[in-house]
file entry_10.cif (mmCIF, C-alpha atoms (C1' of nucleotides))
data_target
#
loop_
_atom_site.label_atom_id
_atom_site.label_comp_id
_atom_site.auth_asym_id
_atom_site.auth_seq_id
_atom_site.Cartn_x
_atom_site.Cartn_y
_atom_site.Cartn_z
CA MET A 1 -15.07 -23.04 12.56
CA SER A 2 -12.58 -24.72 10.28
CA GLU A 3 -11.67 -21.56 8.42
CA LEU A 4 -8.49 -19.64 7.84
CA SER A 5 -8.37 -15.88 7.32
CA ILE A 6 -5.72 -13.88 5.46
CA ALA A 7 -5.79 -10.08 5.44
CA THR A 8 -3.76 -7.39 3.68
CA TRP A 9 -3.31 -3.81 4.85
CA ASN A 10 -1.11 -0.95 3.69
CA VAL A 11 -0.60 0.76 7.05
CA ASN A 12 1.38 3.81 5.78
CA SER A 13 3.99 3.69 8.58
CA ILE A 14 3.75 1.01 11.26
CA LYS A 15 5.10 3.47 13.82
CA ALA A 16 2.29 5.97 13.18
CA ARG A 17 -0.27 3.14 12.94
CA LEU A 18 0.75 0.84 15.80
CA ALA A 19 -2.20 1.57 18.11
CA ASN A 20 -4.71 1.19 15.27
CA LEU A 21 -3.00 -2.00 14.08
CA LEU A 22 -3.00 -3.61 17.53
CA ASP A 23 -6.67 -2.67 18.04
CA TRP A 24 -7.61 -4.19 14.71
CA LEU A 25 -5.61 -7.38 15.36
CA ARG A 26 -7.26 -7.80 18.76
CA ASP A 27 -10.74 -7.33 17.29
CA ASN A 28 -10.29 -9.44 14.14
CA ARG A 29 -7.58 -12.00 14.85
CA PRO A 30 -6.81 -13.04 11.27
CA ASP A 31 -4.55 -16.07 10.91
CA VAL A 32 -2.27 -14.11 8.59
CA LEU A 33 -1.84 -10.37 8.04
CA LEU A 34 0.18 -8.98 5.14
CA LEU A 35 1.49 -5.46 5.75
CA GLN A 36 2.83 -2.85 3.33
CA GLU A 37 4.54 0.51 3.75
CA VAL A 38 5.79 -0.21 7.24
CA LYS A 39 8.45 2.46 6.52
CA CYS A 40 11.06 1.18 8.95
CA VAL A 41 14.12 -1.03 9.01
CA ALA A 42 13.64 -4.56 10.36
CA GLU A 43 15.43 -3.68 13.64
CA ALA A 44 12.84 -0.97 14.35
CA PHE A 45 9.82 -3.20 13.68
CA PRO A 46 7.57 -3.55 16.77
CA HIS A 47 7.82 -7.35 17.06
CA GLU A 48 7.11 -7.42 20.81
CA PRO A 49 3.62 -5.86 21.06
CA ILE A 50 2.60 -7.92 18.02
CA ALA A 51 4.00 -11.11 19.60
CA GLU A 52 1.99 -10.36 22.76
CA LEU A 53 -1.14 -10.78 20.63
CA GLY A 54 0.08 -14.18 19.46
CA TYR A 55 1.68 -13.29 16.13
CA HIS A 56 5.01 -14.28 14.63
CA SER A 57 6.36 -11.66 12.25
CA VAL A 58 8.92 -11.48 9.44
CA VAL A 59 9.97 -8.19 7.88
CA PHE A 60 11.72 -6.87 4.79
CA GLY A 61 12.39 -3.34 5.95
CA GLN A 62 13.73 -0.10 4.52
CA LYS A 63 14.33 3.30 6.05
CA SER A 64 11.60 5.90 5.35
CA TYR A 65 10.01 4.18 2.36
CA ASN A 66 8.30 0.94 1.40
CA GLY A 67 8.84 -2.03 3.73
CA VAL A 68 6.69 -5.17 3.86
CA ALA A 69 5.93 -7.73 6.55
CA ILE A 70 4.00 -10.92 7.21
CA LEU A 71 2.32 -11.59 10.55
CA SER A 72 0.97 -15.05 11.33
CA ARG A 73 -0.48 -16.95 14.26
CA HIS A 74 1.25 -19.99 12.73
CA PRO A 75 5.00 -20.60 12.30
CA LEU A 76 6.61 -18.79 9.35
CA LYS A 77 9.13 -20.74 7.30
CA GLU A 78 11.28 -20.43 4.16
CA VAL A 79 11.22 -16.65 4.04
CA ARG A 80 12.15 -14.90 0.77
CA ARG A 81 12.95 -11.19 0.76
CA GLY A 82 12.79 -9.41 -2.57
CA LEU A 83 11.62 -10.42 -6.04
CA PRO A 84 14.14 -12.04 -8.40
CA GLY A 85 15.11 -10.56 -11.74
CA GLU A 86 16.81 -7.20 -10.98
CA ALA A 87 19.90 -7.52 -8.77
CA GLU A 88 20.33 -3.75 -8.36
CA ASP A 89 16.76 -3.28 -7.04
CA ARG A 90 17.12 -2.22 -3.36
CA GLN A 91 13.48 -1.34 -2.67
CA ALA A 92 11.77 -3.46 0.01
CA ARG A 93 8.55 -4.39 -1.76
CA TYR A 94 8.22 -8.17 -1.58
CA ILE A 95 8.36 -10.76 1.19
CA GLU A 96 7.19 -14.35 0.96
CA ALA A 97 6.89 -17.21 3.44
CA THR A 98 5.20 -20.52 4.08
CA THR A 99 2.63 -20.47 6.87
CA ALA A 100 -0.57 -22.32 7.74
CA GLY A 101 0.03 -24.65 4.77
CA LEU A 102 0.07 -21.76 2.30
CA ARG A 103 2.75 -19.93 0.33
CA VAL A 104 1.93 -16.29 1.06
CA ALA A 105 3.49 -13.04 -0.17
CA SER A 106 3.12 -9.42 0.94
CA ILE A 107 3.45 -7.15 -2.09
CA TYR A 108 3.95 -3.39 -2.38
CA LEU A 109 3.95 -2.65 -6.06
CA PRO A 110 5.57 0.61 -7.21
CA ASN A 111 3.14 3.53 -7.60
CA GLY A 112 4.65 4.51 -10.95
CA ASN A 113 3.73 8.19 -11.10
CA PRO A 114 4.52 10.29 -13.01
CA VAL A 115 3.88 8.20 -16.11
CA ASP A 116 6.59 9.92 -18.18
CA SER A 117 9.33 9.08 -15.65
CA ASP A 118 11.55 6.06 -15.01
CA LYS A 119 9.28 5.33 -12.01
CA PHE A 120 6.63 4.12 -14.44
CA ALA A 121 9.12 1.96 -16.36
CA TYR A 122 10.21 0.47 -13.02
CA LYS A 123 6.57 -0.31 -12.16
CA ILE A 124 6.02 -2.15 -15.45
CA ARG A 125 9.29 -4.09 -15.07
CA TRP A 126 8.31 -4.96 -11.50
CA LEU A 127 4.93 -6.30 -12.69
CA GLU A 128 6.73 -8.50 -15.24
CA ARG A 129 9.14 -9.77 -12.56
CA LEU A 130 6.14 -10.56 -10.35
CA ARG A 131 4.47 -12.42 -13.22
CA ALA A 132 7.57 -14.55 -13.80
CA HIS A 133 7.92 -15.40 -10.11
CA ALA A 134 4.18 -16.00 -9.63
CA ALA A 135 4.33 -18.49 -12.52
CA ARG A 136 7.08 -20.43 -10.75
CA LEU A 137 5.08 -20.51 -7.51
CA LEU A 138 2.24 -22.31 -9.30
CA GLU A 139 4.59 -25.24 -9.92
CA ASP A 140 4.90 -25.96 -6.18
CA ASP A 141 2.42 -27.95 -4.11
CA ASP A 142 1.30 -25.30 -1.62
CA PRO A 143 -1.70 -23.10 -2.47
CA VAL A 144 -0.47 -19.55 -3.22
CA VAL A 145 -1.81 -16.29 -1.76
CA LEU A 146 -0.36 -13.07 -3.24
CA GLY A 147 -1.74 -10.12 -1.28
CA GLY A 148 -0.90 -6.47 -1.05
CA ASP A 149 -1.05 -2.98 -2.45
CA TYR A 150 -0.81 -3.57 -6.19
CA ASN A 151 -1.23 0.12 -7.07
CA VAL A 152 -3.44 -1.03 -9.96
CA ILE A 153 -7.11 -0.18 -10.50
CA PRO A 154 -8.23 -3.24 -12.49
CA GLU A 155 -11.43 -1.86 -14.06
CA GLU A 156 -13.45 1.34 -14.41
CA ARG A 157 -15.94 0.19 -11.78
CA ASP A 158 -13.04 0.00 -9.29
CA CYS A 159 -12.77 3.79 -9.05
CA TRP A 160 -15.25 6.58 -8.34
CA ASP A 161 -14.29 8.66 -11.38
CA PRO A 162 -12.50 6.79 -14.17
CA ALA A 163 -11.93 10.02 -16.13
CA ALA A 164 -10.02 11.53 -13.20
CA TRP A 165 -7.70 8.50 -13.15
CA ALA A 166 -7.28 8.02 -16.92
CA GLU A 167 -3.73 9.39 -17.08
CA ASP A 168 -2.61 8.06 -13.71
CA ALA A 169 -0.06 5.23 -13.44
CA LEU A 170 -2.57 3.26 -11.32
CA PHE A 171 -5.03 3.09 -14.22
CA ARG A 172 -2.82 3.17 -17.31
CA PRO A 173 -3.44 0.33 -19.82
CA GLU A 174 0.12 -0.96 -19.27
CA SER A 175 -0.51 -1.32 -15.52
CA ARG A 176 -3.89 -3.00 -15.99
CA ARG A 177 -2.41 -5.31 -18.61
CA GLY A 178 0.35 -6.30 -16.18
CA PHE A 179 -2.25 -7.09 -13.52
CA ARG A 180 -4.34 -9.12 -15.98
CA ALA A 181 -1.22 -11.08 -16.94
CA LEU A 182 -1.27 -12.49 -13.39
CA LEU A 183 -4.87 -13.60 -13.89
CA TYR A 184 -3.95 -15.21 -17.23
CA LEU A 185 -1.48 -17.41 -15.33
CA GLY A 186 -4.45 -18.85 -13.45
CA TYR A 187 -4.64 -16.59 -10.39
CA TYR A 188 -7.99 -15.23 -9.21
CA ASP A 189 -8.74 -11.80 -7.75
CA ALA A 190 -10.40 -13.05 -4.56
CA PHE A 191 -12.63 -10.01 -4.07
CA ARG A 192 -13.84 -10.14 -7.68
CA ALA A 193 -14.37 -13.92 -7.54
CA ARG A 194 -16.62 -13.49 -4.52
CA HIS A 195 -18.36 -10.28 -5.73
CA PRO A 196 -18.59 -10.58 -9.53
CA GLU A 197 -21.20 -7.82 -9.94
CA THR A 198 -20.08 -5.33 -7.30
CA GLY A 199 -18.75 -1.90 -8.24
CA ASN A 200 -17.56 1.04 -6.16
CA ALA A 201 -15.96 -1.18 -3.52
CA TYR A 202 -12.78 0.56 -2.45
CA THR A 203 -9.70 -0.16 -0.34
CA TYR A 204 -8.06 3.29 -0.56
CA TRP A 205 -9.33 6.84 -0.13
CA ASP A 206 -7.04 9.86 -0.41
CA TYR A 207 -6.41 11.89 2.73
CA GLN A 208 -7.31 15.03 0.80
CA GLY A 209 -10.67 16.59 0.14
CA GLY A 210 -12.71 14.40 2.48
CA ALA A 211 -12.44 11.53 -0.02
CA PHE A 212 -13.47 8.88 2.50
CA GLN A 213 -16.59 10.74 3.65
CA LEU A 214 -17.54 11.28 -0.01
CA ASP A 215 -16.63 7.64 -0.82
CA ARG A 216 -14.31 8.75 -3.60
CA GLY A 217 -11.96 5.79 -3.49
CA ILE A 218 -10.19 3.19 -5.56
CA ARG A 219 -9.73 -0.58 -5.27
CA ILE A 220 -5.97 -1.18 -5.46
CA ASP A 221 -5.34 -3.66 -2.62
CA HIS A 222 -5.85 -7.18 -3.87
CA ILE A 223 -5.47 -10.79 -2.78
CA LEU A 224 -4.71 -13.15 -5.66
CA LEU A 225 -5.30 -16.87 -5.16
CA SER A 226 -3.93 -19.84 -7.08
CA PRO A 227 -6.52 -22.40 -8.27
CA PRO A 228 -6.08 -24.73 -5.23
CA ALA A 229 -6.56 -21.70 -2.96
CA VAL A 230 -9.60 -20.28 -4.77
CA ASP A 231 -11.22 -23.72 -4.55
CA ARG A 232 -11.28 -23.09 -0.77
CA LEU A 233 -12.51 -19.47 -0.99
CA VAL A 234 -15.36 -18.76 1.44
CA ASP A 235 -15.45 -14.96 1.51
CA ALA A 236 -13.63 -11.74 0.67
CA VAL A 237 -14.52 -8.62 2.64
CA ILE A 238 -13.24 -5.05 2.66
CA ASP A 239 -13.29 -3.81 6.26
CA SER A 240 -13.67 -0.06 5.88
CA GLU A 241 -14.00 0.57 9.62
CA PRO A 242 -10.29 1.33 10.26
CA ARG A 243 -10.32 4.02 7.54
CA GLY A 244 -12.84 6.05 9.53
CA ARG A 245 -10.79 6.10 12.71
CA PRO A 246 -8.59 8.89 14.03
CA LYS A 247 -5.00 8.53 12.77
CA ALA A 248 -6.19 6.21 9.97
CA SER A 249 -4.06 4.85 7.15
CA ASP A 250 -5.30 5.92 3.73
CA HIS A 251 -5.82 2.19 2.99
CA THR A 252 -8.17 -0.22 4.76
CA PRO A 253 -7.87 -4.01 5.25
CA LEU A 254 -9.12 -6.63 2.79
CA VAL A 255 -9.86 -9.97 4.46
CA VAL A 256 -10.14 -13.32 2.67
CA THR A 257 -11.50 -16.43 4.34
CA LEU A 258 -10.53 -19.92 3.14
CA GLU A 259 -11.74 -23.35 4.17
CA ARG A 260 -9.08 -25.22 6.05
CA PRO A 261 -7.64 -28.07 3.99
CA PRO A 262 -9.19 -31.52 4.50
CA VAL A 263 -7.31 -33.51 7.11
CA THR A 264 -5.35 -36.21 5.34
CA PRO A 265 -4.97 -39.52 7.21
"C1'" DA B 1 -6.56 28.02 -11.00
"C1'" DT B 2 -4.75 26.39 -6.97
"C1'" DG B 3 -4.17 23.68 -3.09
"C1'" DG B 4 -5.91 20.61 -0.48
"C1'" DT B 5 -3.48 15.75 3.62
"C1'" DA B 6 -0.27 12.62 5.81
"C1'" DG B 7 4.26 10.41 6.89
"C1'" DG B 8 9.14 10.51 7.16
"C1'" DT B 9 13.39 12.96 6.80
"C1'" DT B 10 15.54 17.10 7.06
"C1'" DG B 11 15.51 21.32 4.89
"C1'" DC B 12 11.87 18.05 0.29
"C1'" DC B 13 10.26 13.50 -1.31
"C1'" DT B 14 6.61 10.06 -1.78
"C1'" DA B 15 2.04 8.96 -2.03
#
call {"tool": "encode", "arguments": {"input": "entry_10.cif", "output": "structure tokens"}}
result
Amino acid sequence: MSELSIATWNVNSIKARLANLLDWLRDNRPDVLLLQEVKCVAEAFPHEPIAELGYHSVVFGQKSYNGVAILSRHPLKEVRRGLPGEAEDRQARYIEATTAGLRVASIYLPNGNPVDSDKFAYKIRWLERLRAHAARLLEDDDPVVLGGDYNVIPEERDCWDPAAWAEDALFRPESRRGFRALLYLGYYDAFRARHPETGNAYTYWDYQGGAFQLDRGIRIDHILLSPPAVDRLVDAVIDSEPRGRPKASDHTPLVVTLERPPVTP
DNA sequence: ATGGTAGGTTGCCTA
């Protein structure tokens, strides 16, 4: 099959999730996997067991919190760590590289709660910095894939109980507006492009209260595609199987499939 | 009305 798959998964600690991650990689073999919340410094990242499965990996790590990585079966080039626009920002939330003919980024957007704190202001600034950088990426030739945990519920149908989320940073109008600003640039939400009528399709379920068993979730992990990338979109699937496993992350993978580019003579 | 869960770090913060 001449297809290329790109997945995103917030693993909530790569150390705690390594066995589940390796199992999933073996079973699914995506070309590219974008990871968030690896929660380790780059030196502690488990490159070796991942390499044994055929994956290169680049990491922007941080002790205890955040941390993003890109795994690829193809060479990874021109790696960028961190989003421009705020020199004093030390949080490891953005890594970008060229692989498989695509410019791909793994994004861990700030959560932003509580709304009346500087954490929310940081989230909104971060969204604006992402918008500015995403606009620049559209000027380059490579198709762009921006995947990760956006910590934004785009619409009411993307959560089980909109009223329960009304005052949360993940659903505040400012957050949703910041997410829509990326779409206004010309990016497409791959899951929504492929499933325009679907509601109650989630990528995250809280650990508490049996949320997964009750299917009380939210859709906050997204893969955004530039126009040349969405032209090649074949499918976008949420794989909820890993969320039901023992020692699961509270997020589950989203997998996008693209046609391979036409071979140019 | 409260606490419920998980991960990391360290005696509490983040999600």
call {"tool": "residues_near_point", "arguments": {"input": "entry_10.cif", "point": "(-9.8, 3.5, 9.6)", "cutoff": "12 Å", "atoms": "all atoms listed in the file", "output": "number ranges by chain"}}
result
A: 9-12, 17, 19-21, 23-24, 203-205, 207, 212-213, 238-253
call {"tool": "closest_atom_pairs", "arguments": {"input": "entry_10.cif", "of": "chain A", "to": "chain B", "cutoff": "10 Å", "atoms": "all atoms listed in the file", "output": "Markdown table"}}
result
| residue | atom | partner | partner_atom | distance |
| --- | --- | --- | --- | --- |
| A:Asn12 | CA | B:DG7 | C1' | 7.3 |
| A:Ser13 | CA | B:DG7 | C1' | 6.9 |
| A:Lys15 | CA | B:DG7 | C1' | 9.8 |
| A:Ala16 | CA | B:DG7 | C1' | 7.9 |
| A:Lys39 | CA | B:DG8 | C1' | 8.1 |
| A:Cys40 | CA | B:DG8 | C1' | 9.7 |
| A:Lys63 | CA | B:DG8 | C1' | 9.0 |
| A:Ser64 | CA | B:DG8 | C1' | 5.5 |
| A:Tyr65 | CA | B:DT14 | C1' | 8.0 |
| A:Asn66 | CA | B:DT14 | C1' | 9.8 |
| A:Asn111 | CA | B:DA15 | C1' | 7.9 |
| A:Asn113 | CA | B:DA15 | C1' | 9.3 |
| A:Asp206 | CA | B:DT5 | C1' | 8.0 |
| A:Tyr207 | CA | B:DT5 | C1' | 4.9 |
| A:Gln208 | CA | B:DT5 | C1' | 4.8 |
| A:Gly209 | CA | B:DG4 | C1' | 6.3 |
| A:Gly210 | CA | B:DT5 | C1' | 9.4 |
| A:Lys247 | CA | B:DA6 | C1' | 9.4 |
| A:Ala248 | CA | B:DA6 | C1' | 9.7 |
| A:Ser249 | CA | B:DA6 | C1' | 8.7 |
| A:Asp250 | CA | B:DA6 | C1' | 8.6 |
call {"tool": "atom_distance", "arguments": {"input": "entry_10.cif", "atom1": "CA of Lys77 (chain A)", "atom2": "CA of Leu127 (chain A)"}}
result
25.0 Å
call {"tool": "atom_distance", "arguments": {"input": "entry_10.cif", "atom1": "CA of Arg177 (chain A)", "atom2": "CA of Ile218 (chain A)"}}
result
17.4 Å
call {"tool": "atom_distance", "arguments": {"input": "entry_10.cif", "atom1": "CA of Pro114 (chain A)", "atom2": "CA of Asp168 (chain A)"}}
result
7.5 Å
call {"tool": "closest_residue", "arguments": {"input": "entry_10.cif", "among": "A:Asp189, A:Glu197, A:Asp161, A:Glu96", "to": "Ile223 (chain A)", "atoms": "all atoms listed in the file"}}
result
A:Asp189
call {"tool": "resolve_selection", "arguments": {"input": "entry_10.cif", "expression": "the PyMOL selection byres ((chain A and resi 141-151) around 8)", "output": "ChimeraX atom specification"}}
result
/A:7-10,34-36,101-111,137-140,152-153,170,220-229
call {"tool": "write_last_selection", "arguments": {"input": "entry_10.cif", "atoms": "C-alpha atoms", "output": "mmCIF file, in the frame of the given file"}}
result
data_model
loop_
_atom_site.group_PDB
_atom_site.id
_atom_site.type_symbol
_atom_site.label_atom_id
_atom_site.label_comp_id
_atom_site.auth_asym_id
_atom_site.auth_seq_id
_atom_site.Cartn_x
_atom_site.Cartn_y
_atom_site.Cartn_z
ATOM 1 C CA ALA A 7 -5.790 -10.080 5.440
ATOM 2 C CA THR A 8 -3.760 -7.390 3.680
ATOM 3 C CA TRP A 9 -3.310 -3.810 4.850
ATOM 4 C CA ASN A 10 -1.110 -0.950 3.690
ATOM 5 C CA LEU A 34 0.180 -8.980 5.140
ATOM 6 C CA LEU A 35 1.490 -5.460 5.750
ATOM 7 C CA GLN A 36 2.830 -2.850 3.330
ATOM 8 C CA GLY A 101 0.030 -24.650 4.770
ATOM 9 C CA LEU A 102 0.070 -21.760 2.300
ATOM 10 C CA ARG A 103 2.750 -19.930 0.330
ATOM 11 C CA VAL A 104 1.930 -16.290 1.060
ATOM 12 C CA ALA A 105 3.490 -13.040 -0.170
ATOM 13 C CA SER A 106 3.120 -9.420 0.940
ATOM 14 C CA ILE A 107 3.450 -7.150 -2.090
ATOM 15 C CA TYR A 108 3.950 -3.390 -2.380
ATOM 16 C CA LEU A 109 3.950 -2.650 -6.060
ATOM 17 C CA PRO A 110 5.570 0.610 -7.210
ATOM 18 C CA ASN A 111 3.140 3.530 -7.600
ATOM 19 C CA LEU A 137 5.080 -20.510 -7.510
ATOM 20 C CA LEU A 138 2.240 -22.310 -9.300
ATOM 21 C CA GLU A 139 4.590 -25.240 -9.920
ATOM 22 C CA ASP A 140 4.900 -25.960 -6.180
ATOM 23 C CA VAL A 152 -3.440 -1.030 -9.960
ATOM 24 C CA ILE A 153 -7.110 -0.180 -10.500
ATOM 25 C CA LEU A 170 -2.570 3.260 -11.320
ATOM 26 C CA ILE A 220 -5.970 -1.180 -5.460
ATOM 27 C CA ASP A 221 -5.340 -3.660 -2.620
ATOM 28 C CA HIS A 222 -5.850 -7.180 -3.870
ATOM 29 C CA ILE A 223 -5.470 -10.790 -2.780
ATOM 30 C CA LEU A 224 -4.710 -13.150 -5.660
ATOM 31 C CA LEU A 225 -5.300 -16.870 -5.160
ATOM 32 C CA SER A 226 -3.930 -19.840 -7.080
ATOM 33 C CA PRO A 227 -6.520 -22.400 -8.270
ATOM 34 C CA PRO A 228 -6.080 -24.730 -5.230
ATOM 35 C CA ALA A 229 -6.560 -21.700 -2.960
#
call {"tool": "resolve_selection", "arguments": {"input": "entry_10.cif", "expression": "the PyMOL selection byres ((chain A and resi 156) around 10)", "output": "number ranges by chain"}}
result
A: 153-155, 157-163, 165-166, 171, 199-200, 218
call {"tool": "closest_residue", "arguments": {"input": "entry_10.cif", "among": "A:Asp31, A:Leu53, A:Ala169, A:Gln91", "to": "Asp116 (chain A)", "atoms": "all atoms listed in the file"}}
result
A:Ala169
